[in-house]
Structure formats: C-alpha cells, structure tokens
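Reviewing the structure listed below.
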Amino acid sequence: QVQLVESGGGLVQAGGSLRLSCVASGSIFSISAMGWYRQAPGKQREWVASISSAGSTNFADSVKGRFTISRDNAKKMVYLQMSSLEPEDTAVYYCKLSHYGTDYWGKGTLVTVSS
C-alpha cells in the first residue's frame, strides 16, 4: 500500500520561494514516476511537474524556469522547489505516484502567495 504525505506549504509573498516535500510509504517509490499537481480555488486540478524513475523532468509552461522537481530515492521523497512565486501559483499542491497505470495521491498542501 502506498501513502503520500505532502508538506512545506504556507503563506509567502510574491517573488518568494517555497520548497514542497512529499514522502512515500511502500516499496515501489524508486521505480515509479512522481508528479506534482495543483488545484486553485474554483479550477480544475492541473499538472505542474513530473520526474521519472530515471530522473528525467518535465514542467508545465506556466512554471518552467521557476520551479524545479527532484527526488531522493533513499528517503522516498520528491521535492518541488518553487521560486519567483506569483499570486497565480496559489493552490493546493498534490503529490502523485504513478506505477504501471495505477496512481496514488496525497492529500495536498496549501500554498498561498500574497501580492
């Protein structure tokens, strides 16, 4: 059974930075792709960034150049480093683990960016 727990959210001023963390339980982390998604109030959940089991990364255009994603397989953790934050980045951020067509989600962590 896989459980994901996000942390690191909070209130930050525009232009600031935050690092989100997600820790996974279970034994499949190192062979799974990981992703970060976000859902702003009144909007659909959207993909933000992903990292493959081999470490390849991809980013949504809206965060490219501002966010980075990384993983530590020994700690079963994935990180989202967010810089130059904008009010439009305000959302609940979710971690997702994908393994052979099965997705597991965390409960999310709230990021609020004030202008």
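In the structure tokens, chains take letters A, B, ... by order of appearance, with residues numbered from 1 within each chain and ligands from 1 in the order shown.
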* To do: Find the residues around segment 35-41 of chain A up to 12 Å (only C-alpha atoms counted), leave out those fewer than 6 positions away in its own chain, and share them as number ranges by chain.
  => A: 4, 6, 9, 20-22, 29, 47-53, 55-60, 62-63, 67-71, 77-82, 87-99, 103-113
* Determine which residues of chain A receive a DSSP assignment of helix (DSSP H, G or I), computed from the backbone, and state them as a PyMOL selection string. => chain A and resi 29-31+87-89
* **Sel. of strand (DSSP E) residues, chain A, as an MDAnalysis selection string** => chainID A and resid 4:7 10:13 18:24 33:39 46:51 57:59 67:72 77:82 91:99 102:105 109:114
* Any idea what's packed within 10 Å of Ser25 of chain A, counting only C-alpha atoms, ignoring anything in its chain fewer than 6 positions away? Could you give it as a list in words? ->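 The residues satisfying every condition are Gln1, Val2, Gln3, Leu4, Val5, Lys75, Lys76 and Met77 of chain A.
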For the residues in the current selection, export N, CA, C and O atoms as a short mmCIF file (atom, residue, chain, number, x, y, z; two decimals), in the first residue's frame.
```cif
data_model
loop_
_atom_site.label_atom_id
_atom_site.label_comp_id
_atom_site.auth_asym_id
_atom_site.auth_seq_id
_atom_site.Cartn_x
_atom_site.Cartn_y
_atom_site.Cartn_z
N GLN A 1 0.84 -1.18 0.00
CA GLN A 1 0.00 0.00 0.00
C GLN A 1 0.89 1.25 0.00
O GLN A 1 1.87 1.32 0.74
N VAL A 2 0.53 2.20 -0.83
CA VAL A 2 1.30 3.44 -0.96
C VAL A 2 0.53 4.58 -0.31
O VAL A 2 -0.67 4.75 -0.56
N GLN A 3 1.22 5.32 0.51
CA GLN A 3 0.66 6.55 1.06
C GLN A 3 1.63 7.69 0.79
O GLN A 3 2.85 7.50 0.86
N LEU A 4 1.09 8.84 0.46
CA LEU A 4 1.88 10.01 0.16
C LEU A 4 1.47 11.14 1.10
O LEU A 4 0.27 11.39 1.28
N VAL A 5 2.46 11.82 1.65
CA VAL A 5 2.17 12.93 2.56
C VAL A 5 3.00 14.13 2.13
O VAL A 5 4.23 14.08 2.12
N LYS A 75 15.38 8.23 0.51
CA LYS A 75 14.45 8.77 1.51
C LYS A 75 12.99 8.63 1.07
O LYS A 75 12.08 8.99 1.83
N LYS A 76 12.78 8.14 -0.15
CA LYS A 76 11.43 8.03 -0.71
C LYS A 76 10.74 9.39 -0.70
O LYS A 76 9.57 9.51 -0.30
N MET A 77 11.45 10.39 -1.16
CA MET A 77 10.90 11.73 -1.15
C MET A 77 11.04 12.39 -2.52
O MET A 77 11.98 12.14 -3.27
#
```
* Asked: For Lys64 of chain A, which of A:Glu46, A:Ile31, A:Leu11, A:Ser84 is the closest residue, counting only C-alpha atoms?
  ->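 Once distances to Lys64 of chain A are computed over only C-alpha atoms, the minimum belongs to A:Ser84.
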* **Among the residues A:Ala74, A:Gly101, A:Arg66, A:Ser115, the one that comes closest to Ser17 of chain A [using only C-alpha atoms]** => A:Arg66
* Figure out the distance between atom CA of Ser83 of chain A and atom CA of Ser30 of chain A, please, to one decimal in Å. =>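 So the two atoms, atom CA of Ser30 of chain A and atom CA of Ser83 of chain A, lie 26.2 Å apart.
Here atom CA of Gln44 of chain A and atom CA of Asp61 of chain A stand 16.5 Å from one another.
Atom to atom, atom CA of Lys43 of chain A and atom CA of Val23 of chain A stand 25.8 Å apart.
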